[in-house]
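To start, the structure itself, in structure tokens.
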Amino acid sequence: MLTQTTSRVLEPSDLDAALAVLDREPVANAFVTSRVQVAGLDPWRLGGEMWGWYEGGILTSLCYAGANLVPICATPRAIRAFADRARRAGRRCSSIVGPADTTAELWRLLEPQWGPAREVRRHQPLMVTDRLPEHIAPDPYVRRVRKDEMETIMPACVAMFTEEVGVSPLAGDGGLLYQARVAELVGSGRSFARFDADGKVVFKAEIGAATDRACQIQGVWVVPEHRGKGLAAPGMAAVLRYALADVAPVASLYVNDFNTPARRTYEKVGFKEVGAFMSVLF
């Protein structure tokens, strides 16, 4: 039993305590919660370490340290402890992402050693909805992507990622990890698209994280030549219908504050802003 105030790497036996912390903010923590529910806390299966912060022997804050560094329900003292641990370990992540206030403080402490970042997105509205829109009919042509359509969906996923993040997901390992992630979403029935008469993707989106309490929609993309034609809102309504019927009672997403067309689309479909994320990209 830990009685002092300290941080440490969590072990598989800490799973219930970690899930209790994650469950305090089910929408904001959906991404990490979904991974922990599937993989537990074993670093090899989880794809990273889970750091825990204890106050008086009680686990109060977490930080996921994998491809992303993600502070979770982190108090000011926990953020300082996580920053110290991150500095000692050296930067292994490609981004820091999480609730805007805590992520900003974590980055303030890490920037002298880890900076400069390639890009800092300080305010990314977190939006949620628990119902289908009343005045936007779901696009009947948006459907689940089949496993035999991987070669068709993959170029659209690469184009979306490159446009959104500013670097290609094919860099480094030739795209093996990214392709595995896309295949995982397709295989689990959480990848959606509309195809034109030639079989080309014109709209796509994924349910990137899913728990029994919330899911997170990501990767929303319309092929450039079809933008401004009204595909996005009905497409999102279709994905939302699948999400609320088959996955979770609440759907969420976060969006760049400078992406005005996307924000308008999400508002039109019924998403409401409930908070903000921040991303630091390396």
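Chains: A, B, ... in order of the structure tokens. Residues: from 1 per chain. Ligands: from 1, in order shown.
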
Using only C-alpha atoms, tabulate the residues of range 192-249 of chain A lying at most 6 Å from any atom of range 16-39 of chain A, each with its closest atom pair and that distance in Å to one decimal, by chain and increasing residue number, as a tab-separated table.
```
residue	atom	partner	partner_atom	distance
A:Ala209	CA	A:Phe31	CA	5.0
A:Ala210	CA	A:Ser34	CA	5.5
A:Thr211	CA	A:Ser34	CA	5.4
A:Ala214	CA	A:Val27	CA	5.6
```

Practice task
Name all residues at most 10 Å from Asp42 in chain A (count only C-alpha atoms; drop same-chain ones fewer than 2 positions away) and give them as number ranges by chain.
Solution key: A: 10-13, 15, 36, 39-40, 44-50

Handout entry: Residues near Ile207 in chain A, cut-off 7 Å, only C-alpha atoms, skip fewer than 3 positions along chain, as an MDAnalysis selection string
Key = chainID A and resid 190:191 215:218

Can those selected residues be exported to a file as a PDB file, in the first residue's frame so that it contains N, CA, C and O atoms?
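Written file, selection26.pdb:
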```
ATOM      1  N   ARG A 190     -15.943  -0.158 -37.487  1.00  0.00           N
ATOM      2  CA  ARG A 190     -15.991   1.239 -37.040  1.00  0.00           C
ATOM      3  C   ARG A 190     -15.426   2.208 -38.080  1.00  0.00           C
ATOM      4  O   ARG A 190     -15.085   3.341 -37.763  1.00  0.00           O
ATOM      5  N   SER A 191     -15.314   1.758 -39.330  1.00  0.00           N
ATOM      6  CA  SER A 191     -14.876   2.620 -40.436  1.00  0.00           C
ATOM      7  C   SER A 191     -16.039   2.767 -41.405  1.00  0.00           C
ATOM      8  O   SER A 191     -16.673   1.771 -41.789  1.00  0.00           O
ATOM      9  N   CYS A 215     -18.176   7.286 -27.205  1.00  0.00           N
ATOM     10  CA  CYS A 215     -17.295   6.972 -28.331  1.00  0.00           C
ATOM     11  C   CYS A 215     -16.811   8.272 -28.959  1.00  0.00           C
ATOM     12  O   CYS A 215     -17.394   9.334 -28.737  1.00  0.00           O
ATOM     13  N   GLN A 216     -15.741   8.171 -29.730  1.00  0.00           N
ATOM     14  CA  GLN A 216     -15.127   9.355 -30.325  1.00  0.00           C
ATOM     15  C   GLN A 216     -15.028   9.169 -31.839  1.00  0.00           C
ATOM     16  O   GLN A 216     -14.412   8.205 -32.311  1.00  0.00           O
ATOM     17  N   ILE A 217     -15.634  10.078 -32.574  1.00  0.00           N
ATOM     18  CA  ILE A 217     -15.576  10.059 -34.038  1.00  0.00           C
ATOM     19  C   ILE A 217     -14.329  10.812 -34.484  1.00  0.00           C
ATOM     20  O   ILE A 217     -13.991  11.854 -33.923  1.00  0.00           O
ATOM     21  N   GLN A 218     -13.636  10.278 -35.461  1.00  0.00           N
ATOM     22  CA  GLN A 218     -12.392  10.898 -35.930  1.00  0.00           C
ATOM     23  C   GLN A 218     -12.263  10.690 -37.437  1.00  0.00           C
ATOM     24  O   GLN A 218     -13.051   9.982 -38.059  1.00  0.00           O
TER      25      GLN A 218
END
```

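Relative to CA of Arg122 in chain A, CA of Phe277 in chain A is found at 7.4 Å.
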
Can you list, as a compact mmCIF listing (two decimals) with N, CA and C atoms, in the first residue's frame, every protein, DNA or RNA residue that comes within 9 Å of range 4-9 of chain A when you count only C-alpha atoms, leaving out same-chain residues fewer than 3 positions away?
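Okay, result-v1.txt is ready:
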```
# COMPACT_ATOMS: atom_id res chain seq x y z
N GLU A 49 3.35 3.01 -21.51
CA GLU A 49 3.19 2.91 -20.06
C GLU A 49 2.03 3.77 -19.58
N MET A 50 1.44 3.36 -18.46
CA MET A 50 0.48 4.22 -17.78
C MET A 50 1.12 4.67 -16.48
N TRP A 51 1.32 5.97 -16.35
CA TRP A 51 1.89 6.52 -15.13
C TRP A 51 0.76 6.89 -14.18
N GLY A 52 0.98 6.63 -12.89
CA GLY A 52 -0.03 6.97 -11.91
C GLY A 52 0.52 7.94 -10.87
N TRP A 53 -0.34 8.82 -10.39
CA TRP A 53 0.02 9.76 -9.33
C TRP A 53 -0.85 9.46 -8.12
N TYR A 54 -0.20 9.26 -7.00
CA TYR A 54 -0.88 8.89 -5.77
C TYR A 54 -0.80 10.03 -4.75
N GLU A 55 -1.92 10.30 -4.11
CA GLU A 55 -1.96 11.24 -2.98
C GLU A 55 -2.50 10.49 -1.78
N GLY A 56 -1.69 10.38 -0.73
CA GLY A 56 -2.10 9.65 0.47
C GLY A 56 -2.42 8.20 0.17
N GLY A 57 -1.70 7.61 -0.78
CA GLY A 57 -1.91 6.21 -1.11
C GLY A 57 -3.04 5.95 -2.08
N ILE A 58 -3.74 7.00 -2.54
CA ILE A 58 -4.88 6.83 -3.45
C ILE A 58 -4.50 7.32 -4.84
N ALA A 78 0.40 16.50 -9.90
CA ALA A 78 0.59 15.34 -10.78
C ALA A 78 1.27 15.74 -12.08
N ALA A 81 4.92 16.05 -11.58
CA ALA A 81 5.55 14.73 -11.46
C ALA A 81 5.64 14.05 -12.82
N PHE A 82 4.58 14.16 -13.63
CA PHE A 82 4.60 13.54 -14.96
C PHE A 82 5.64 14.23 -15.86
N ARG A 85 9.05 12.91 -14.93
CA ARG A 85 9.25 11.56 -15.45
C ARG A 85 9.48 11.59 -16.96
```

Handout entry: Spatial neighbours of range 102-118 of chain A, 12 Å, only C-alpha atoms, chain gap at least 2 places, as an NGL selection string
Key = :A and (61-63 or 68-100 or 120-124 or 165-167 or 276-282)

Neighbouring residues of Trp221 in chain A were defined as those with any atom within 9 Å, considering only C-alpha atoms; residues of the same chain fewer than 3 positions away were excluded. Please report them as a CSV table (one decimal) with N, CA and C atoms, in the first residue's frame.
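Ended up saving to part-v5.csv:
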```
chain,number,residue,atom,x,y,z
A,156,ALA,N,-7.5,7.2,-48.9
A,156,ALA,CA,-8.3,8.3,-48.3
A,156,ALA,C,-7.9,8.6,-46.9
A,157,CYS,N,-7.6,7.5,-46.1
A,157,CYS,CA,-7.1,7.7,-44.8
A,157,CYS,C,-5.7,8.4,-44.7
A,159,ALA,N,-4.6,10.5,-47.0
A,159,ALA,CA,-4.8,11.9,-47.5
A,159,ALA,C,-5.3,12.7,-46.3
A,160,MET,N,-6.3,12.1,-45.6
A,160,MET,CA,-6.9,12.8,-44.4
A,160,MET,C,-5.8,13.1,-43.4
A,202,VAL,N,-15.6,9.3,-51.4
A,202,VAL,CA,-15.9,10.7,-51.4
A,202,VAL,C,-16.1,11.3,-50.0
A,203,PHE,N,-16.5,10.4,-49.1
A,203,PHE,CA,-16.6,10.8,-47.7
A,203,PHE,C,-16.2,9.7,-46.8
A,204,LYS,N,-15.5,10.0,-45.7
A,204,LYS,CA,-15.2,8.9,-44.7
A,204,LYS,C,-15.1,9.4,-43.3
A,205,ALA,N,-15.2,8.5,-42.4
A,205,ALA,CA,-15.1,8.8,-41.0
A,205,ALA,C,-14.9,7.5,-40.2
A,224,PRO,N,-11.3,16.5,-51.7
A,224,PRO,CA,-11.3,17.9,-52.0
A,224,PRO,C,-12.3,18.4,-53.2
A,232,ALA,N,-20.9,16.5,-46.1
A,232,ALA,CA,-20.4,16.3,-44.8
A,232,ALA,C,-21.5,16.1,-43.7
```

Handout entry: Interatomic distance, CA of Val142 in chain A to CA of Ala238 in chain A (Å, one decimal)
Key =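 We find that CA of Val142 in chain A and CA of Ala238 in chain A lie 6.3 Å from each other.
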
Handout entry: Sel. of helix (DSSP H, G or I) residues, range 87-262 of chain A, as JSON, numbers by chain
Key = {"A": [87, 88, 89, 100, 101, 102, 103, 104, 105, 106, 107, 108, 109, 110, 111, 112, 113, 114, 147, 148, 149, 150, 151, 152, 153, 154, 155, 156, 157, 158, 159, 160, 161, 162, 163, 164, 165, 176, 177, 178, 179, 180, 181, 182, 183, 184, 185, 186, 187, 224, 225, 226, 232, 233, 234, 235, 236, 237, 238, 239, 240, 241, 242, 243, 244, 245, 246, 260, 261, 262]}

Practice task
Apply DSSP to the backbone of this structure and, from range 112-273 of chain A, keep only the residues in strand (DSSP E or B); write these as an MDAnalysis selection string.
Solution key: chainID A and resid 119:129 143:144 191:195 201:210 215:222 251:254 272:273

Practice task
Using CA of Asp212 in chain A and CA of Ala245 in chain A as the two end points, give the distance in Å to one decimal.
Solution key: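 Going from CA of Asp212 in chain A over to CA of Ala245 in chain A, I get 11.8 Å.
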
Near-Gly187 in chain A list (9 Å; only C-alpha atoms; drop same-chain fewer than 5 positions) as a PDB file with N, CA and C atoms, in the first residue's frame:
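Listing of result_33.pdb after writing:
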```pdb
ATOM      1  N   VAL A 145     -17.257   0.160 -44.019  1.00  0.00           N
ATOM      2  CA  VAL A 145     -16.259  -0.289 -44.988  1.00  0.00           C
ATOM      3  C   VAL A 145     -16.012  -1.778 -44.767  1.00  0.00           C
ATOM      4  N   ARG A 146     -15.997  -2.547 -45.853  1.00  0.00           N
ATOM      5  CA  ARG A 146     -15.764  -3.986 -45.757  1.00  0.00           C
ATOM      6  C   ARG A 146     -14.269  -4.301 -45.710  1.00  0.00           C
ATOM      7  N   LYS A 147     -13.943  -5.460 -45.189  1.00  0.00           N
ATOM      8  CA  LYS A 147     -12.539  -5.847 -45.073  1.00  0.00           C
ATOM      9  C   LYS A 147     -11.854  -5.944 -46.436  1.00  0.00           C
ATOM     10  N   VAL A 182      -5.798   1.211 -39.312  1.00  0.00           N
ATOM     11  CA  VAL A 182      -6.944   1.312 -40.223  1.00  0.00           C
ATOM     12  C   VAL A 182      -7.623  -0.057 -40.356  1.00  0.00           C
TER      13      VAL A 182
END
```

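With distances restricted to only C-alpha atoms, A:Arg241 is the closest residue to Pro138 in chain A from A:Arg241, A:Arg227, A:Lys268, A:Arg194.
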
Problem - Using only C-alpha atoms: which of A:Leu231, A:Val128, A:Val158, A:Ala193 has the shortest distance to Gln179 in chain A - result: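 Nearest candidate to Gln179 in chain A out of A:Leu231, A:Val128, A:Val158, A:Ala193: A:Val158.
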